[in-house]
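For reference, data-v6.cif is printed below; it contains mmCIF, N, CA and C atoms.
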data_data
loop_
_atom_site.label_atom_id
_atom_site.label_comp_id
_atom_site.auth_asym_id
_atom_site.auth_seq_id
_atom_site.Cartn_x
_atom_site.Cartn_y
_atom_site.Cartn_z
N MET A 1 61.35 -68.48 27.68
CA MET A 1 60.64 -67.63 28.61
C MET A 1 59.85 -66.59 27.81
N ASP A 2 58.58 -66.45 28.14
CA ASP A 2 57.74 -65.49 27.44
C ASP A 2 58.00 -64.08 27.94
N VAL A 3 57.90 -63.14 27.02
CA VAL A 3 58.03 -61.74 27.35
C VAL A 3 56.66 -61.10 27.20
N ILE A 4 56.24 -60.36 28.21
CA ILE A 4 54.96 -59.67 28.15
C ILE A 4 55.24 -58.24 27.70
N LYS A 5 54.60 -57.83 26.60
CA LYS A 5 54.80 -56.49 26.06
C LYS A 5 53.51 -55.69 26.20
N ILE A 6 53.64 -54.48 26.75
CA ILE A 6 52.50 -53.58 26.89
C ILE A 6 52.78 -52.34 26.07
N THR A 7 52.03 -52.17 24.99
CA THR A 7 52.24 -51.06 24.06
C THR A 7 51.46 -49.82 24.51
N PRO A 8 51.83 -48.65 23.96
CA PRO A 8 51.06 -47.44 24.26
C PRO A 8 49.58 -47.59 23.88
N GLU A 9 49.31 -48.32 22.80
CA GLU A 9 47.92 -48.52 22.39
C GLU A 9 47.13 -49.31 23.43
N VAL A 10 47.77 -50.31 24.02
CA VAL A 10 47.12 -51.09 25.07
C VAL A 10 46.86 -50.21 26.29
N LEU A 11 47.83 -49.38 26.64
CA LEU A 11 47.65 -48.48 27.79
C LEU A 11 46.51 -47.51 27.55
N ARG A 12 46.45 -46.95 26.35
CA ARG A 12 45.37 -45.99 26.04
C ARG A 12 44.00 -46.69 26.02
N GLY A 13 43.96 -47.92 25.53
CA GLY A 13 42.71 -48.68 25.55
C GLY A 13 42.24 -48.95 26.97
N ALA A 14 43.16 -49.32 27.83
CA ALA A 14 42.81 -49.56 29.24
C ALA A 14 42.33 -48.26 29.89
N ALA A 15 42.99 -47.16 29.59
CA ALA A 15 42.57 -45.87 30.14
C ALA A 15 41.15 -45.53 29.71
N ARG A 16 40.85 -45.77 28.45
CA ARG A 16 39.51 -45.50 27.93
C ARG A 16 38.47 -46.35 28.67
N LEU A 17 38.79 -47.61 28.92
CA LEU A 17 37.86 -48.49 29.63
C LEU A 17 37.65 -48.05 31.08
N PHE A 18 38.70 -47.60 31.74
CA PHE A 18 38.55 -47.08 33.10
C PHE A 18 37.60 -45.88 33.11
N ARG A 19 37.77 -44.98 32.15
CA ARG A 19 36.90 -43.80 32.09
C ARG A 19 35.44 -44.19 31.81
N ILE A 20 35.25 -45.11 30.89
CA ILE A 20 33.89 -45.55 30.55
C ILE A 20 33.22 -46.19 31.76
N GLU A 21 33.93 -47.05 32.44
CA GLU A 21 33.35 -47.74 33.60
C GLU A 21 33.06 -46.76 34.73
N ALA A 22 33.96 -45.82 34.98
CA ALA A 22 33.71 -44.83 36.03
C ALA A 22 32.47 -44.00 35.69
N ALA A 23 32.32 -43.60 34.44
CA ALA A 23 31.15 -42.83 34.02
C ALA A 23 29.88 -43.69 34.11
N ARG A 24 29.98 -44.94 33.72
CA ARG A 24 28.83 -45.84 33.75
C ARG A 24 28.32 -46.02 35.17
N GLN A 25 29.23 -46.11 36.10
CA GLN A 25 28.83 -46.30 37.49
C GLN A 25 28.38 -45.00 38.14
N GLY A 26 28.59 -43.87 37.44
CA GLY A 26 28.18 -42.58 37.98
C GLY A 26 28.89 -42.24 39.28
N LEU A 27 30.16 -42.57 39.33
CA LEU A 27 30.91 -42.34 40.56
C LEU A 27 31.10 -40.84 40.82
N CYS A 28 31.09 -40.47 42.08
CA CYS A 28 31.31 -39.07 42.43
C CYS A 28 32.73 -38.66 42.05
N ASP A 29 32.99 -37.39 41.95
CA ASP A 29 34.29 -36.88 41.49
C ASP A 29 35.45 -37.41 42.30
N GLN A 30 35.32 -37.44 43.63
CA GLN A 30 36.42 -37.89 44.47
C GLN A 30 36.75 -39.36 44.21
N VAL A 31 35.74 -40.19 44.11
CA VAL A 31 35.96 -41.62 43.86
C VAL A 31 36.51 -41.82 42.45
N MET A 32 35.99 -41.07 41.47
CA MET A 32 36.49 -41.20 40.09
C MET A 32 37.96 -40.85 40.02
N GLN A 33 38.38 -39.82 40.75
CA GLN A 33 39.78 -39.43 40.71
C GLN A 33 40.66 -40.54 41.29
N ALA A 34 40.19 -41.16 42.36
CA ALA A 34 40.98 -42.20 43.02
C ALA A 34 40.95 -43.52 42.26
N THR A 35 39.92 -43.71 41.41
CA THR A 35 39.81 -44.98 40.71
C THR A 35 39.95 -44.78 39.22
N GLY A 36 38.84 -44.78 38.51
CA GLY A 36 38.87 -44.79 37.06
C GLY A 36 39.61 -43.65 36.40
N VAL A 37 39.27 -42.43 36.73
CA VAL A 37 39.87 -41.30 36.02
C VAL A 37 41.33 -41.12 36.41
N GLY A 38 41.66 -41.27 37.68
CA GLY A 38 43.05 -41.13 38.11
C GLY A 38 43.94 -42.18 37.47
N ILE A 39 43.46 -43.39 37.43
CA ILE A 39 44.22 -44.48 36.80
C ILE A 39 44.34 -44.22 35.30
N ALA A 40 43.25 -43.78 34.68
CA ALA A 40 43.26 -43.50 33.24
C ALA A 40 44.31 -42.44 32.91
N GLU A 41 44.38 -41.40 33.72
CA GLU A 41 45.37 -40.34 33.48
C GLU A 41 46.79 -40.88 33.60
N ASP A 42 47.00 -41.77 34.58
CA ASP A 42 48.33 -42.37 34.75
C ASP A 42 48.70 -43.23 33.54
N PHE A 43 47.74 -44.02 33.04
CA PHE A 43 48.00 -44.86 31.88
C PHE A 43 48.29 -44.01 30.64
N ASP A 44 47.52 -42.93 30.46
CA ASP A 44 47.76 -42.02 29.33
C ASP A 44 49.15 -41.38 29.44
N ALA A 45 49.53 -40.97 30.64
CA ALA A 45 50.85 -40.36 30.84
C ALA A 45 51.96 -41.35 30.54
N LEU A 46 51.79 -42.60 30.95
CA LEU A 46 52.78 -43.63 30.67
C LEU A 46 52.89 -43.89 29.16
N ALA A 47 51.76 -43.92 28.48
CA ALA A 47 51.77 -44.10 27.02
C ALA A 47 52.49 -42.94 26.35
N ASP A 48 52.22 -41.71 26.80
CA ASP A 48 52.90 -40.53 26.26
C ASP A 48 54.41 -40.63 26.47
N LYS A 49 54.82 -41.07 27.65
CA LYS A 49 56.25 -41.20 27.97
C LYS A 49 56.92 -42.23 27.07
N LEU A 50 56.26 -43.37 26.86
CA LEU A 50 56.83 -44.39 25.97
C LEU A 50 57.02 -43.84 24.57
N GLU A 51 56.01 -43.13 24.07
CA GLU A 51 56.10 -42.56 22.72
C GLU A 51 57.18 -41.48 22.65
N ALA A 52 57.28 -40.65 23.67
CA ALA A 52 58.30 -39.60 23.69
C ALA A 52 59.71 -40.19 23.69
N ASP A 53 59.86 -41.32 24.36
CA ASP A 53 61.16 -42.01 24.42
C ASP A 53 61.38 -42.94 23.23
N LYS A 54 60.41 -42.92 22.29
CA LYS A 54 60.48 -43.75 21.08
C LYS A 54 60.64 -45.24 21.43
N ARG A 55 59.89 -45.66 22.46
CA ARG A 55 59.89 -47.06 22.85
C ARG A 55 58.61 -47.71 22.35
N GLU A 56 58.70 -48.91 21.85
CA GLU A 56 57.53 -49.62 21.33
C GLU A 56 56.63 -50.15 22.43
N ALA A 57 57.24 -50.58 23.54
CA ALA A 57 56.44 -51.20 24.59
C ALA A 57 57.24 -51.32 25.87
N LEU A 58 56.52 -51.51 26.97
CA LEU A 58 57.14 -51.94 28.21
C LEU A 58 57.29 -53.45 28.09
N GLU A 59 58.38 -54.00 28.56
CA GLU A 59 58.58 -55.43 28.47
C GLU A 59 58.83 -56.01 29.86
N PHE A 60 58.10 -57.06 30.16
CA PHE A 60 58.25 -57.77 31.42
C PHE A 60 58.60 -59.21 31.14
N ILE A 61 59.57 -59.71 31.87
CA ILE A 61 59.96 -61.12 31.74
C ILE A 61 59.59 -61.80 33.06
N PRO A 62 58.56 -62.63 33.05
CA PRO A 62 58.14 -63.28 34.28
C PRO A 62 59.26 -64.16 34.86
N ALA A 63 59.32 -64.20 36.18
CA ALA A 63 60.31 -65.02 36.85
C ALA A 63 60.00 -66.50 36.62
N LYS A 64 61.01 -67.30 36.66
CA LYS A 64 60.81 -68.74 36.52
C LYS A 64 60.38 -69.30 37.86
N GLY A 65 59.21 -69.92 37.89
CA GLY A 65 58.73 -70.55 39.12
C GLY A 65 58.45 -69.56 40.22
N VAL A 66 58.16 -70.10 41.38
CA VAL A 66 57.87 -69.30 42.56
C VAL A 66 58.97 -69.53 43.56
N GLN A 67 59.48 -68.44 44.11
CA GLN A 67 60.54 -68.57 45.10
C GLN A 67 59.99 -68.24 46.47
N SER A 68 60.37 -69.01 47.46
CA SER A 68 59.87 -68.76 48.81
C SER A 68 60.87 -67.99 49.63
#
For the file at hand, write its structure as structure tokens.
Amino acid sequence: MDVIKITPEVLRGAARLFRIEAARQGLCDQVMQATGVGIAEDFDALADKLEADKREALEFIPAKGVQS
């Protein structure tokens, strides 16, 4: 079973892309907060928390198959 690992560096990179895209689209402040910038801040906060807890990554183990 594969393990998906999301490192603080990946989170910070995603945050940077959200900010760039929000700025590129010239979104108004309210929309930026709800989309790109708000999400970016959440990703940065999660990366900070992982580093503070001295964790290398978040790890997800996908479920086997689909259950109905």
(request) Record the distance separating CA of Glu41 in chain A and atom C of Ile4 in chain A, expressed in Å with one decimal. (result)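 For CA of Glu41 in chain A relative to atom C of Ile4 in chain A, the distance reads 21.2 Å.
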(request) For range 5-19 of chain A, list every protein, DNA or RNA residue within 8 Å, evaluated using all atoms listed in the file, and leave out those in the same chain fewer than 3 positions away; present the list as a VMD selection string. (result) chain A and resid 2 22 to 25 35 to 48 50 to 51 55 to 61
(request) Please measure the separation of atom C of Val3 in chain A and atom C of Lys54 in chain A, giving the value in Å to one decimal. (result)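 Between atom C of Val3 in chain A and atom C of Lys54 in chain A the gap works out to 17.3 Å.
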(request) Find the distance between atom C of Glu21 in chain A and atom N of Lys49 in chain A and write it in Å to one decimal. (result) 23.6 Å
